[in-house]
Each structure stands twice: as structure tokens, then as C-alpha cells.
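Participant: Structure: run-v1.csv, CSV, C-alpha atoms.
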chain,number,residue,atom,x,y,z
A,1,MET,CA,41.8,73.1,90.6
A,2,GLN,CA,39.0,74.7,88.6
A,3,ILE,CA,35.9,72.4,88.5
A,4,ILE,CA,33.3,75.0,87.7
A,5,PHE,CA,33.6,76.8,84.3
A,6,LEU,CA,31.5,80.0,84.0
A,7,PRO,CA,31.6,82.9,81.5
A,8,GLN,CA,34.3,85.4,82.4
A,9,GLY,CA,31.8,88.1,83.4
A,10,LEU,CA,29.9,85.8,85.7
A,11,THR,CA,33.1,84.6,87.2
A,12,ILE,CA,34.2,88.1,88.0
A,13,LEU,CA,30.8,88.9,89.4
A,14,LEU,CA,31.0,85.8,91.6
A,15,CYS,CA,34.3,86.9,92.9
A,16,PHE,CA,32.8,90.2,94.0
A,17,ILE,CA,29.9,88.4,95.7
A,18,VAL,CA,31.9,85.6,97.3
A,19,TRP,CA,34.5,87.7,99.1
A,20,PRO,CA,32.1,89.8,101.1
A,21,LEU,CA,30.1,86.7,102.0
A,22,LEU,CA,33.3,85.0,103.3
A,23,MET,CA,34.3,88.1,105.3
A,24,VAL,CA,30.8,88.4,106.8
A,25,ALA,CA,30.8,84.7,107.6
A,26,ALA,CA,34.1,85.1,109.5
A,27,ALA,CA,32.7,88.0,111.4
A,28,LEU,CA,29.5,86.0,112.2
A,29,ILE,CA,31.4,83.0,113.4
A,30,CYS,CA,33.6,85.1,115.7
A,31,THR,CA,30.7,87.2,117.1
A,32,ARG,CA,28.9,84.0,118.0
A,33,LEU,CA,31.8,82.4,119.8
A,34,PRO,CA,31.9,82.8,123.6
A,35,ASP,CA,34.2,85.4,125.0
A,36,ARG,CA,36.5,82.7,126.5
A,37,PHE,CA,37.9,82.1,123.0
A,38,PHE,CA,39.3,85.6,123.0
A,39,ASP,CA,41.6,85.8,126.0
A,40,TYR,CA,44.3,88.3,125.4
A,41,ALA,CA,46.7,86.4,127.6
A,42,ALA,CA,46.4,83.2,125.4
A,43,TRP,CA,49.4,82.2,123.4
A,44,PHE,CA,47.8,83.1,120.0
A,45,TYR,CA,46.9,86.7,121.1
A,46,ARG,CA,49.6,87.8,123.4
A,47,ALA,CA,52.6,89.7,122.2
A,48,HIS,CA,55.6,87.4,121.6
A,49,ARG,CA,59.1,88.4,122.3
A,50,TRP,CA,60.0,89.0,118.6
A,51,GLU,CA,57.1,91.5,118.4
A,52,ARG,CA,58.7,93.6,121.2
A,53,ASP,CA,55.3,94.6,122.7
A,54,GLY,CA,54.0,95.5,119.2
A,55,GLU,CA,56.8,98.0,118.4
A,56,ILE,CA,58.1,95.8,115.6
A,57,TYR,CA,54.9,96.8,113.6
A,58,GLN,CA,55.8,100.5,114.0
A,59,LYS,CA,59.4,99.8,112.9
A,60,TRP,CA,58.6,97.6,109.9
A,61,PHE,CA,55.2,99.0,108.8
A,62,ARG,CA,54.9,102.5,110.3
A,63,VAL,CA,51.5,101.4,111.7
A,64,ARG,CA,50.9,104.7,113.6
A,65,ARG,CA,50.9,106.5,110.3
A,66,TRP,CA,48.0,104.6,108.6
A,67,LYS,CA,46.0,102.7,111.3
A,68,LYS,CA,43.6,105.6,111.7
A,69,TYR,CA,42.4,105.0,108.1
A,70,LEU,CA,41.4,101.4,108.7
A,71,PRO,CA,37.6,100.8,109.0
A,72,ASP,CA,36.3,99.8,112.5
A,73,GLY,CA,33.9,96.9,112.1
A,74,GLY,CA,32.6,97.6,115.6
A,75,SER,CA,31.0,100.8,114.3
A,76,LEU,CA,29.2,98.9,111.5
A,77,VAL,CA,27.3,96.5,113.8
A,78,LYS,CA,24.5,97.5,116.2
A,79,GLY,CA,25.9,97.1,119.7
A,80,GLY,CA,29.4,96.7,118.3
A,81,PHE,CA,32.5,97.9,120.2
A,82,GLU,CA,34.5,100.6,118.5
A,83,LYS,CA,38.2,100.2,118.8
A,84,LYS,CA,39.4,103.2,116.9
A,85,LYS,CA,39.5,105.4,120.0
A,86,LEU,CA,39.4,104.6,123.7
A,87,VAL,CA,36.3,106.2,125.1
A,88,SER,CA,37.3,105.5,128.7
A,89,PHE,CA,40.3,104.2,130.7
A,90,GLU,CA,38.0,102.4,133.1
A,91,LYS,CA,39.0,98.8,133.7
A,92,ASP,CA,35.7,97.4,132.2
A,93,ASN,CA,36.2,99.4,129.0
A,94,LEU,CA,39.9,98.4,128.7
A,95,ASP,CA,39.0,94.7,129.3
A,96,LYS,CA,36.3,94.9,126.7
A,97,TYR,CA,38.8,96.6,124.3
A,98,LEU,CA,41.2,93.7,124.8
A,99,LEU,CA,38.5,91.1,124.2
A,100,GLU,CA,37.2,92.8,121.1
A,101,SER,CA,40.7,93.4,119.7
A,102,CYS,CA,41.3,89.6,120.0
A,103,ARG,CA,37.9,89.0,118.3
A,104,ALA,CA,38.8,91.4,115.5
A,105,GLU,CA,42.2,89.8,114.9
A,106,MET,CA,40.6,86.3,114.7
A,107,ILE,CA,38.0,87.6,112.2
A,108,HIS,CA,40.7,88.9,109.9
A,109,TRP,CA,42.7,85.7,110.2
A,110,LEU,CA,39.6,83.7,109.3
A,111,ALA,CA,38.7,86.1,106.5
A,112,LEU,CA,42.2,85.6,105.0
A,113,LEU,CA,42.1,81.8,104.9
A,114,PRO,CA,39.4,81.0,102.2
A,115,PHE,CA,41.3,82.6,99.3
A,116,TRP,CA,41.7,79.1,97.8
A,117,VAL,CA,37.9,78.7,97.4
A,118,PHE,CA,38.2,80.8,94.3
A,119,GLY,CA,40.2,78.0,92.6
A,120,PHE,CA,37.0,76.1,92.2
A,121,PHE,CA,35.5,78.5,89.7
A,122,THR,CA,38.5,80.6,88.4
A,123,PRO,CA,41.7,79.8,86.5
A,124,PRO,CA,44.5,78.7,88.8
A,125,ILE,CA,46.5,82.0,88.5
A,126,VAL,CA,43.5,83.8,90.1
A,127,ILE,CA,44.2,81.9,93.4
A,128,LEU,CA,47.4,83.9,93.7
A,129,ASP,CA,45.6,87.1,93.0
A,130,MET,CA,43.0,86.2,95.7
A,131,LEU,CA,45.8,85.5,98.2
A,132,ILE,CA,47.3,88.8,97.5
A,133,PHE,CA,44.0,90.5,97.9
A,134,ALA,CA,43.2,88.7,101.2
A,135,LEU,CA,46.6,89.6,102.6
A,136,ALA,CA,46.2,93.3,101.5
A,137,VAL,CA,42.8,93.6,103.1
A,138,ASN,CA,43.3,91.6,106.3
A,139,LEU,CA,46.9,91.9,107.4
A,140,PRO,CA,46.8,95.6,108.0
A,141,CYS,CA,43.9,95.0,110.4
A,142,VAL,CA,45.8,92.2,112.1
A,143,ILE,CA,48.9,94.3,112.4
A,144,ALA,CA,46.9,97.2,114.0
A,145,GLN,CA,45.4,94.8,116.6
A,146,ARG,CA,48.8,93.3,117.4
A,147,TYR,CA,50.3,96.8,117.7
A,148,ASN,CA,47.5,98.2,119.9
A,149,ARG,CA,46.8,95.3,122.2
A,150,PRO,CA,50.2,95.3,124.1
A,151,ARG,CA,49.8,99.0,124.8
A,152,ILE,CA,46.4,98.5,126.4
A,153,VAL,CA,47.7,95.5,128.3
A,154,ARG,CA,50.4,97.7,129.8
A,155,ILE,CA,47.7,100.1,131.0
A,156,VAL,CA,45.6,97.4,132.5
A,157,VAL,CA,48.6,95.8,134.3
A,158,TRP,CA,49.8,99.3,135.5
A,159,ARG,CA,46.4,100.1,137.0
A,160,ARG,CA,46.3,96.8,139.1
Go through the file and emit its structure as C-alpha cells.
Facilitator:
Amino acid sequence: MQIIFLPQGLTILLCFIVWPLLMVAAALICTRLPDRFFDYAAWFYRAHRWERDGEIYQKWFRVRRWKKYLPDGGSLVKGGFEKKKLVSFEKDNLDKYLLESCRAEMIHWLALLPFWVFGFFTPPIVILDMLIFALAVNLPCVIAQRYNRPRIVRIVVWRR
């Protein structure tokens, strides 16, 4: 429900300012949380039976075709962990990859949620546009994490 009425130009500008702020806020929240919140074996992060170890994402979305074009947030932050390519198959690196892929997934889920905030200062129809935008920007990243993580888990389990 719109409660703040601004000129159209200012409203559009505010949308372009608020989205990056919300996305950065999601990233800051997740980078400040302790690592224990990002256990790849936890129910939220582990591959579920219907995902068939991530292969459902290849079948439905052809993830292997486009995942290389996604930005890697780890490369944008000093000391961040890049997930685009595995630099080592050492256990510590694989464990760190799993941790950071869980963190990345949570960042994108959190960045998706606040689409409704725009309803405070835009007409109601814009909320639907913001939901579509949030899904388009964040779901590919979630899908990539959920596709890649089971493959890395198999390597870790195989090496034990």
C-alpha cells in the first residue's frame, strides 16, 4: 500500500537507489554471520531428493550453459572467496567453497525478499514488477549454487 507519494522521476530514482542498498544489506548481513549458519549438510542447503543432486537444474534450466556469465560476488570484495572456478581440490579449499556457496545462496534469498518494500512509495502494480526483477536477478544465482554444491559434496565425500 503506497503511503509515500513522490514525483515519478524521484520514485524511479529511488527504485534504482533502494535495490542496490537492499542487495548490499543482504550481503553484509550474511558476511557478518558466523560460519555455523552456512553448513552445507543442513536441511536448507543440502540437495533434496527432488533436486536429484542438482541435475534438475540442468534439465529444467540448462544451468551449465549460462552459469559462467553470472557475476561472482566473492571477486568484488577484498578477501572474498571466488566460486567461479575451483583453484584447488584440497580439502580446505573444497570445504571453504561449500561454506561460501551456502553463504552466497542465503545472500540471494535475502536479496529477493524485500521486493514488497517498494509498495510504500510506488503504485501497487510496481510491486509485481519488483518481484519479477528480484526473481530474475537472484534465482539464477541460487540455481547455480544449488547445482554446483552437490557436485562439490560428492568430491569431498569421495576423498574421505
Participant: Between A:Met130, A:Ile152, A:Leu13, A:Val63, which is the closest to A:Leu99 once you count only C-alpha atoms?
Facilitator: A:Ile152
Participant: Atom CA of A:Cys15 and atom CA of A:Val117 are how many Å apart?
Facilitator: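 So the answer is 10.0 Å.
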Participant: Using 7 Å as the limit and counting all atoms listed in the file, can you tabulate each residue of stretch 66-152 of chain A that touches stretch 30-52 of chain A, with its shortest atom-to-atom distance in Å and the two atoms involved, as CSV?
Facilitator:
residue,atom,partner,partner_atom,distance
A:Leu98,CA,A:Tyr40,CA,6.3
A:Leu99,CA,A:Phe38,CA,5.7
A:Cys102,CA,A:Phe38,CA,5.4
A:Arg103,CA,A:Phe38,CA,6.0
A:Ile107,CA,A:Cys30,CA,6.2
A:Pro150,CA,A:Ala47,CA,6.4
Participant: I need the residue nearest A:Arg146 from this list: A:Tyr57, A:Phe16, A:Trp116, A:Phe89. Use only C-alpha atoms for the distance.
Facilitator: A:Tyr57
Participant: Skip stretch 131-140 of chain A itself and residues of its chain fewer than 6 positions away, then list as a list in words all residues within 6 Å of it, counting only C-alpha atoms.
Facilitator: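 Final neighbour list, sorted by chain and number: His108, Leu112 and Phe115 of chain A.
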Participant: Give as a ChimeraX atom specification each residue that has an atom at most 6 Å from (36.7, 94.6, 115.9) in the file, counting only C-alpha atoms.
Facilitator: /A:73-74,100-101,104
Participant: Atom CA of A:Trp60 and atom CA of A:Trp109 are how many Å apart?
Facilitator: 19.9 Å
Participant: Name all residues at most 9 Å from A:Leu70 (count all atoms listed in the file; drop same-chain ones fewer than 6 positions away) and give them as a VMD selection string.
Facilitator: chain A and resid 84 140 to 141 144
Participant: Would you save the residues of that selection, restricted to C-alpha atoms, as a short mmCIF file (atom, residue, chain, number, x, y, z; two decimals), in the frame of the given file?
Facilitator:
data_model
loop_
_atom_site.label_atom_id
_atom_site.label_comp_id
_atom_site.auth_asym_id
_atom_site.auth_seq_id
_atom_site.Cartn_x
_atom_site.Cartn_y
_atom_site.Cartn_z
CA LYS A 84 39.40 103.20 116.90
CA PRO A 140 46.80 95.60 108.00
CA CYS A 141 43.90 95.00 110.40
CA ALA A 144 46.90 97.20 114.00
#
Participant: If we count all atoms listed in the file and set the cut-off at 9 Å, which residues sit around A:Met1, ignoring sequence neighbours fewer than 4 positions away in its own chain? Please answer as a list in words.
Facilitator: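 Counting only the stated atoms, we get Gly119, Phe120, Phe121, Thr122, Pro123 and Pro124 of chain A.
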